[in-house]
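> So I've got this file, final25.cif, and it contains mmCIF, C-alpha atoms:
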```
data_target
loop_
_atom_site.label_atom_id
_atom_site.label_comp_id
_atom_site.auth_asym_id
_atom_site.auth_seq_id
_atom_site.Cartn_x
_atom_site.Cartn_y
_atom_site.Cartn_z
CA MET U 1336 -39.00 82.94 87.72
CA LEU U 1337 -36.13 85.32 87.09
CA VAL U 1338 -35.55 88.03 89.68
CA VAL U 1339 -33.02 90.75 90.39
CA ARG U 1340 -32.33 90.90 94.11
CA GLY U 1341 -30.32 93.47 96.01
CA LYS U 1342 -29.90 95.46 99.17
CA LEU U 1343 -29.63 99.22 99.46
CA ASP U 1344 -26.02 100.39 99.36
CA ASN U 1345 -25.59 103.81 100.96
CA ARG U 1346 -29.37 104.23 100.51
CA GLN U 1347 -29.08 103.56 96.80
CA ALA U 1348 -30.51 100.60 94.92
CA ILE U 1349 -27.76 99.29 92.67
CA VAL U 1350 -28.16 96.35 90.27
CA ASN U 1351 -26.02 94.76 87.56
CA ILE U 1352 -27.08 95.32 83.97
CA GLY U 1353 -25.80 94.60 80.48
CA VAL U 1354 -25.91 96.96 77.51
CA GLN U 1355 -24.65 96.57 73.96
CA ARG U 1356 -24.97 98.50 70.73
CA PHE U 1357 -28.21 97.63 68.92
CA THR U 1358 -27.46 96.58 65.37
CA PRO U 1359 -30.49 95.62 63.29
CA ASN U 1360 -30.26 92.25 61.58
CA PHE U 1361 -31.56 92.47 58.05
CA ALA U 1362 -31.16 88.77 57.30
CA GLY U 1363 -34.80 88.18 58.12
CA VAL U 1364 -37.86 90.08 56.98
CA GLU U 1365 -38.11 92.13 60.13
CA GLN U 1366 -36.14 92.46 63.34
CA THR U 1367 -38.24 91.69 66.38
CA THR U 1368 -35.85 90.66 69.13
CA PRO U 1369 -32.48 92.36 69.64
CA ALA U 1370 -29.61 89.89 69.79
CA SER U 1371 -26.82 90.27 72.33
CA SER U 1372 -23.34 88.99 71.62
CA MET U 1373 -21.29 87.13 74.22
CA PRO U 1374 -19.69 88.02 76.52
CA ILE U 1375 -22.05 90.59 77.98
CA ALA U 1376 -20.22 93.02 80.27
CA SER U 1377 -21.73 93.82 83.65
CA TYR U 1378 -22.30 97.44 84.73
CA ARG U 1379 -23.48 98.93 88.02
CA ALA U 1380 -26.80 100.69 87.58
CA LEU U 1381 -28.80 102.87 89.95
CA LEU U 1382 -32.57 102.32 90.06
CA ASP U 1383 -34.09 105.80 89.81
CA THR U 1384 -37.85 106.26 89.80
CA GLY U 1385 -37.35 110.00 89.27
CA ALA U 1386 -35.73 109.50 85.86
CA GLN U 1387 -38.05 109.20 82.88
CA ARG U 1388 -35.31 107.72 80.73
CA THR U 1389 -32.43 105.25 81.19
CA CYS U 1390 -28.94 106.77 81.09
CA LEU U 1391 -25.37 105.58 80.53
CA THR U 1392 -22.20 107.34 81.64
CA TYR U 1393 -19.64 108.46 79.07
CA ARG U 1394 -17.36 105.68 80.31
CA THR U 1395 -19.95 102.99 79.61
CA ILE U 1396 -20.76 104.46 76.19
CA ALA U 1397 -17.09 104.42 75.27
CA ALA U 1398 -16.58 100.88 76.60
CA GLU U 1399 -19.44 99.58 74.43
CA ASN U 1400 -18.44 101.72 71.43
CA LEU U 1401 -21.97 103.11 71.08
CA ARG U 1402 -22.92 105.49 68.26
CA ARG U 1403 -25.37 108.30 68.85
CA HIS U 1404 -28.29 108.65 66.47
CA GLY U 1405 -30.04 111.77 67.75
CA LYS U 1406 -30.25 114.48 70.39
CA LYS U 1407 -32.75 115.29 73.11
CA PHE U 1408 -33.44 118.07 75.59
CA ILE U 1409 -33.09 116.73 79.13
CA LYS U 1410 -33.82 118.62 82.32
CA ASN U 1411 -32.96 117.98 85.95
CA VAL U 1412 -33.32 119.97 89.12
CA HIS U 1413 -30.57 122.38 88.01
CA ASP U 1414 -31.12 123.15 84.36
CA GLU U 1415 -31.84 121.82 80.87
CA ASN U 1416 -29.25 120.51 78.40
CA VAL U 1417 -29.06 118.71 75.10
CA HIS U 1418 -27.94 115.09 75.46
CA SER U 1419 -27.17 112.43 72.85
CA LEU U 1420 -29.37 109.41 72.16
CA PHE U 1421 -28.10 105.84 71.74
CA MET U 1422 -30.00 102.68 70.81
CA VAL U 1423 -28.96 99.66 72.89
CA THR U 1424 -29.92 96.14 73.79
CA PHE U 1425 -30.54 96.07 77.53
CA GLY U 1426 -30.75 93.37 80.16
CA PHE U 1427 -30.41 92.51 83.84
CA TRP U 1428 -28.03 90.06 85.49
CA CYS U 1429 -30.33 88.09 87.74
CA SER U 1430 -31.08 84.87 89.57
CA GLU U 1431 -33.49 82.09 88.81
CA LEU U 1432 -35.96 81.58 91.61
CA GLU U 1433 -37.15 78.00 92.00
CA THR U 1434 -40.81 78.44 92.84
CA MET U 1435 -41.30 75.07 94.49
CA GLY U 1436 -38.47 75.24 97.00
CA ALA U 1437 -37.96 79.04 96.91
CA GLN U 1438 -34.26 78.47 96.21
CA GLU U 1439 -32.17 80.67 94.00
CA SER U 1440 -29.72 79.28 91.53
CA GLY U 1441 -27.17 80.46 89.05
CA ASN U 1442 -26.32 83.78 87.49
CA SER U 1443 -28.67 84.36 84.58
CA TYR U 1444 -29.16 87.15 82.09
CA PHE U 1445 -32.55 88.56 81.13
CA GLY U 1446 -32.53 90.64 77.95
CA LEU U 1447 -35.41 92.96 77.07
CA GLU U 1448 -37.34 92.08 73.92
CA GLU U 1449 -37.10 95.59 72.47
CA PRO U 1450 -34.06 97.85 72.20
CA VAL U 1451 -33.94 100.84 74.55
CA GLU U 1452 -33.12 104.43 73.59
CA VAL U 1453 -30.81 105.85 76.26
CA ILE U 1454 -28.98 109.13 76.88
CA ASN U 1455 -25.48 110.04 78.03
CA ILE U 1456 -24.65 111.42 81.47
CA ALA U 1457 -21.46 112.40 83.26
CA ASP U 1458 -19.16 109.80 84.80
CA ASN U 1459 -19.21 109.25 88.55
CA ASP U 1460 -17.67 106.83 91.02
CA ARG U 1461 -20.93 105.24 92.23
CA PHE U 1462 -22.48 103.70 89.12
CA ASP U 1463 -22.20 103.27 85.36
CA ALA U 1464 -25.87 103.72 84.45
CA ILE U 1465 -29.28 104.83 85.66
CA VAL U 1466 -32.28 102.59 85.11
CA GLY U 1467 -35.18 104.98 84.56
CA MET U 1468 -38.91 104.45 84.54
CA ASP U 1469 -38.89 103.62 80.81
CA VAL U 1470 -37.41 100.25 81.85
CA LEU U 1471 -38.49 99.94 85.50
CA GLY U 1472 -42.11 100.52 84.53
CA MET U 1473 -42.14 97.19 82.67
CA PHE U 1474 -41.74 95.16 85.89
CA ASP U 1475 -42.97 94.69 89.44
CA VAL U 1476 -40.46 96.23 91.84
CA ASP U 1477 -40.63 95.61 95.60
CA PHE U 1478 -38.78 97.41 98.38
CA ALA U 1479 -38.72 96.14 101.97
CA ARG U 1480 -37.99 98.20 105.08
CA THR U 1481 -34.99 95.92 105.67
CA GLY U 1482 -33.37 97.57 102.66
CA GLU U 1483 -33.80 94.55 100.42
CA PHE U 1484 -35.43 94.94 97.05
CA GLN U 1485 -36.31 92.82 94.04
CA ILE U 1486 -37.35 93.22 90.43
CA LYS U 1487 -39.56 90.40 89.16
CA LEU U 1488 -38.60 89.81 85.54
CA GLY U 1489 -41.08 87.04 84.79
CA MET K 987 -15.84 108.10 60.76
CA ILE K 988 -16.77 109.59 64.12
CA GLN K 989 -16.62 113.07 62.60
CA HIS K 990 -19.01 111.97 59.85
CA ILE K 991 -21.46 110.60 62.39
CA ASP K 992 -21.30 113.70 64.56
CA THR K 993 -21.83 115.95 61.56
CA GLU K 994 -24.86 113.98 60.42
CA VAL K 995 -26.53 114.06 63.85
CA ASP K 996 -25.69 117.70 64.50
CA THR K 997 -26.73 119.06 61.11
CA ASN K 998 -29.90 116.99 61.13
CA PHE K 999 -30.73 118.29 64.61
CA SER K 1000 -30.37 121.82 63.39
CA ALA K 1001 -32.58 121.14 60.38
CA PHE K 1002 -35.12 119.31 62.54
CA ASN K 1003 -35.48 122.28 64.88
CA SER K 1004 -36.36 124.43 61.86
CA MET K 1005 -39.02 121.90 60.83
CA LEU K 1006 -40.36 121.40 64.34
CA PRO K 1007 -43.11 124.06 64.44
CA ASP K 1008 -44.66 122.57 61.30
CA LEU K 1009 -44.18 118.96 62.43
CA LEU K 1010 -45.81 119.70 65.78
CA GLN K 1011 -48.95 120.63 63.89
CA LYS K 1012 -48.88 117.62 61.60
CA ALA K 1013 -47.41 114.75 63.61
CA PRO K 1014 -46.93 115.39 67.33
CA GLY K 1015 -45.42 112.43 69.18
CA LYS K 1016 -44.10 110.76 66.03
CA TYR K 1017 -40.42 110.04 65.37
CA ALA K 1018 -38.73 111.75 62.45
CA LEU K 1019 -36.10 109.94 60.40
CA LEU K 1020 -33.62 112.41 58.91
CA HIS K 1021 -30.84 112.04 56.36
CA ARG K 1022 -28.66 114.87 55.06
CA LYS K 1023 -30.91 117.49 56.65
CA GLU K 1024 -33.99 116.10 54.89
CA LEU K 1025 -37.05 114.54 56.52
CA VAL K 1026 -37.25 110.99 55.19
CA GLY K 1027 -40.29 109.74 57.10
CA LEU K 1028 -42.33 109.72 60.28
CA PHE K 1029 -42.67 106.65 62.50
CA ASP K 1030 -44.67 105.60 65.55
CA THR K 1031 -41.59 104.48 67.49
CA SER K 1032 -37.93 105.49 67.71
CA VAL K 1033 -36.93 101.85 67.19
CA GLY K 1034 -38.95 101.67 63.97
CA ALA K 1035 -37.33 104.85 62.67
CA PHE K 1036 -33.87 103.60 63.71
CA ILE K 1037 -34.25 100.27 61.91
CA GLU K 1038 -35.51 101.94 58.74
CA GLY K 1039 -32.64 104.44 58.86
CA ALA K 1040 -30.04 101.71 59.33
CA LYS K 1041 -31.56 99.72 56.48
CA ARG K 1042 -31.71 102.62 54.00
CA PHE K 1043 -28.61 104.64 54.85
CA GLY K 1044 -26.36 102.51 57.04
CA GLU K 1045 -25.37 103.00 60.64
CA GLY K 1046 -24.31 106.55 61.45
CA ALA K 1047 -25.68 108.12 58.27
CA PHE K 1048 -29.06 109.14 59.66
CA SER K 1049 -30.66 110.46 62.82
CA VAL K 1050 -33.96 110.06 64.67
CA GLN K 1051 -35.74 112.88 66.50
CA GLU K 1052 -38.99 112.83 68.45
CA VAL K 1053 -41.55 115.40 67.35
CA THR K 1054 -41.97 117.15 70.68
CA GLN K 1055 -41.03 120.31 72.49
CA GLN K 1056 -41.09 118.57 75.84
CA ALA K 1057 -37.80 117.75 77.56
CA ASP K 1058 -37.35 114.45 79.38
CA ASN K 1059 -36.89 114.77 83.13
CA LEU K 1060 -34.15 113.13 85.20
CA GLY K 1061 -35.65 114.28 88.49
CA PHE K 1062 -33.14 115.21 91.12
CA TYR K 1063 -30.21 113.52 89.45
CA SER K 1064 -27.35 116.00 89.74
CA TYR K 1065 -24.70 114.46 87.48
CA ALA K 1066 -26.65 115.33 84.36
CA GLY K 1067 -25.97 119.05 84.49
CA GLY K 1068 -23.18 120.95 82.82
CA ALA K 1069 -22.39 122.05 79.33
CA GLY K 1070 -21.38 119.89 76.42
CA GLN K 1071 -23.54 116.89 77.21
CA ALA K 1072 -24.33 116.24 73.57
#
```
Since I need it in another form, could you write the structure as structure tokens?


Amino acid sequence: MLVVRGKLDNRQAIVNIGVQRFTPNFAGVEQTTPASSMPIASYRALLDTGAQRTCLTYRTIAAENLRRHGKKFIKNVHDENVHSLFMVTFGFWCSELETMGAQESGNSYFGLEEPVEVINIADNDRFDAIVGMDVLGMFDVDFARTGEFQIKLG
Amino acid sequence: MIQHIDTEVDTNFSAFNSMLPDLLQKAPGKYALLHRKELVGLFDTSVGAFIEGAKRFGEGAFSVQEVTQQADNLGFYSYAGGAGQA
């Protein structure tokens, strides 16, 4: 089983993710699974159950040369603003959990089957992205009082 | 190229907002595919609209807007505020 494991850092749950521009492949009849191209860069992402949508900082958007395709009203505790929308392939850097011996091995990548529509947010020095409930809601997420957490990817 | 993309998204957004009251009656929750300020079609998902737009017009020459008046919520996240986010 693939899992993302981590420990709270300054009371924040940070994981490593990968994002790339989603480019439909019209070679086949219909695109079903977004393809990622190697290498896949790793970005620090905050798990945020209060966010309905996944977000990328300007810096991450520029690094991946993403193109916006729409706009969306987004509100937070302060106010409401118009943000840009970007379509990306999305995945987690994770470990493979050996079920028999409960040992972890390797550094694997788990890409979501469907592209994700994300928005832009301001840069900051803590993380490059926010993983919102649009993505987190697809998985079982466990937090322990020791500060350790895991996302079971299947 | 970037200017072209920005113009397409911005002008389509403006046109979409004019269409929105009518679209909310006809197709709430659908995703509108727009090209040159015209409504091209309505789709069940943003991904479906995006793929159709890329196929018909090429990347950057279309936009996708959800037919809703509801804003998404980022909770207590404080970095999202400020002008010029788009």

> Would you give me, as an MDAnalysis selection string, the residues of chain U that come within 6 Å of chain K, using only C-alpha atoms?

chainID U and resid 1385:1387 1404:1405 1408:1412 1417:1419 1456:1457

> Just how far from CA of Gly1472 in chain U is CA of Leu1343 in chain U, in Å to one decimal?

19.5 Å

> Using all atoms listed in the file, which of the listed residues (U:Ile1465, U:Leu1447, U:Leu1401, U:Val1350) sits closest to Leu1488 in chain U?

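Using all atoms listed in the file, the shortest distance to Leu1488 in chain U belongs to U:Leu1447.
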
> Evaluate the PyMOL selection byres ((chain U and resi 1373) around 12) on the structure here and hand back the selected residues as a list in words.

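Going through the file, the PyMOL selection byres ((chain U and resi 1373) around 12) ends up selecting Gly1353, Val1354, Gln1355, Ala1370, Ser1371, Ser1372, Pro1374, Ile1375, Ala1376, Ser1377 and Tyr1444 of chain U.
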
> Take the selection from the previous step and output its residues with C-alpha atoms, as a PDB file, in the coordinates of the input.


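part_20.pdb written:
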```pdb
ATOM      1  CA  GLY U1353     -25.800  94.600  80.480  1.00  0.00           C
ATOM      2  CA  VAL U1354     -25.910  96.960  77.510  1.00  0.00           C
ATOM      3  CA  GLN U1355     -24.650  96.570  73.960  1.00  0.00           C
ATOM      4  CA  ALA U1370     -29.610  89.890  69.790  1.00  0.00           C
ATOM      5  CA  SER U1371     -26.820  90.270  72.330  1.00  0.00           C
ATOM      6  CA  SER U1372     -23.340  88.990  71.620  1.00  0.00           C
ATOM      7  CA  PRO U1374     -19.690  88.020  76.520  1.00  0.00           C
ATOM      8  CA  ILE U1375     -22.050  90.590  77.980  1.00  0.00           C
ATOM      9  CA  ALA U1376     -20.220  93.020  80.270  1.00  0.00           C
ATOM     10  CA  SER U1377     -21.730  93.820  83.650  1.00  0.00           C
ATOM     11  CA  TYR U1444     -29.160  87.150  82.090  1.00  0.00           C
TER      12      TYR U1444
END
```

> Name the residues in contact with Val1053 in chain K at a cut-off of 9 Å, using all atoms listed in the file, excluding same-chain residues fewer than 6 positions from it; report them as number ranges by chain.

K: 1002, 1006, 1009-1010, 1013-1018

> Rounded to one decimal, what separation in Å do you get between CA of Arg1388 in chain U and CA of Arg1403 in chain U?

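So the two atoms, CA of Arg1388 in chain U and CA of Arg1403 in chain U, lie 15.5 Å apart.
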
> Just need the box for range 1474-1485 of chain U, edges along x, y and z, holding every atom the file lists for it with 8 Å tacked onto each side, so centre and edge lengths in Å to one decimal, as JSON.


```
{"center_x": -38.2, "center_y": 95.5, "center_z": 95.8, "size_x": 25.6, "size_y": 21.4, "size_z": 35.8}
```

> Would you mind completing range 1345-1363 of chain U to N, CA and C atoms and writing the output as a compact mmCIF listing (two decimals), keeping the file's coordinate frame?


```
# COMPACT_ATOMS: atom_id res chain seq x y z
N ASN U 1345 -25.63 102.36 100.71
CA ASN U 1345 -25.59 103.81 100.96
C ASN U 1345 -26.91 104.47 100.54
N ARG U 1346 -28.00 103.78 100.83
CA ARG U 1346 -29.37 104.23 100.51
C ARG U 1346 -29.61 104.33 99.00
N GLN U 1347 -28.86 103.61 98.25
CA GLN U 1347 -29.08 103.56 96.80
C GLN U 1347 -29.30 102.12 96.37
N ALA U 1348 -30.23 101.93 95.44
CA ALA U 1348 -30.51 100.60 94.92
C ALA U 1348 -29.68 100.40 93.66
N ILE U 1349 -28.68 99.54 93.77
CA ILE U 1349 -27.76 99.29 92.67
C ILE U 1349 -27.94 97.85 92.18
N VAL U 1350 -28.04 97.68 90.87
CA VAL U 1350 -28.16 96.35 90.27
C VAL U 1350 -27.12 96.21 89.17
N ASN U 1351 -26.96 95.00 88.67
CA ASN U 1351 -26.02 94.76 87.56
C ASN U 1351 -26.81 94.60 86.26
N ILE U 1352 -26.40 95.37 85.27
CA ILE U 1352 -27.08 95.32 83.97
C ILE U 1352 -26.08 95.01 82.86
N GLY U 1353 -26.62 94.73 81.69
CA GLY U 1353 -25.80 94.60 80.48
C GLY U 1353 -26.36 95.50 79.40
N VAL U 1354 -25.49 96.17 78.66
CA VAL U 1354 -25.91 96.96 77.51
C VAL U 1354 -24.94 96.71 76.36
N GLN U 1355 -25.47 96.71 75.16
CA GLN U 1355 -24.65 96.57 73.96
C GLN U 1355 -25.26 97.40 72.85
N ARG U 1356 -24.45 97.74 71.87
CA ARG U 1356 -24.97 98.50 70.73
C ARG U 1356 -26.04 97.68 70.00
N PHE U 1357 -27.15 98.31 69.68
CA PHE U 1357 -28.21 97.63 68.92
C PHE U 1357 -27.88 97.76 67.43
N THR U 1358 -27.72 96.61 66.81
CA THR U 1358 -27.46 96.58 65.37
C THR U 1358 -28.56 95.75 64.73
N PRO U 1359 -29.41 96.38 63.91
CA PRO U 1359 -30.49 95.62 63.29
C PRO U 1359 -29.94 94.51 62.40
N ASN U 1360 -30.63 93.38 62.42
CA ASN U 1360 -30.26 92.25 61.58
C ASN U 1360 -31.22 92.19 60.41
N PHE U 1361 -30.69 92.42 59.21
CA PHE U 1361 -31.56 92.47 58.05
C PHE U 1361 -31.62 91.14 57.30
N ALA U 1362 -31.13 90.09 57.94
CA ALA U 1362 -31.16 88.77 57.30
C ALA U 1362 -32.59 88.28 57.16
N GLY U 1363 -33.41 88.58 58.17
CA GLY U 1363 -34.80 88.18 58.12
C GLY U 1363 -35.66 89.28 57.52
```
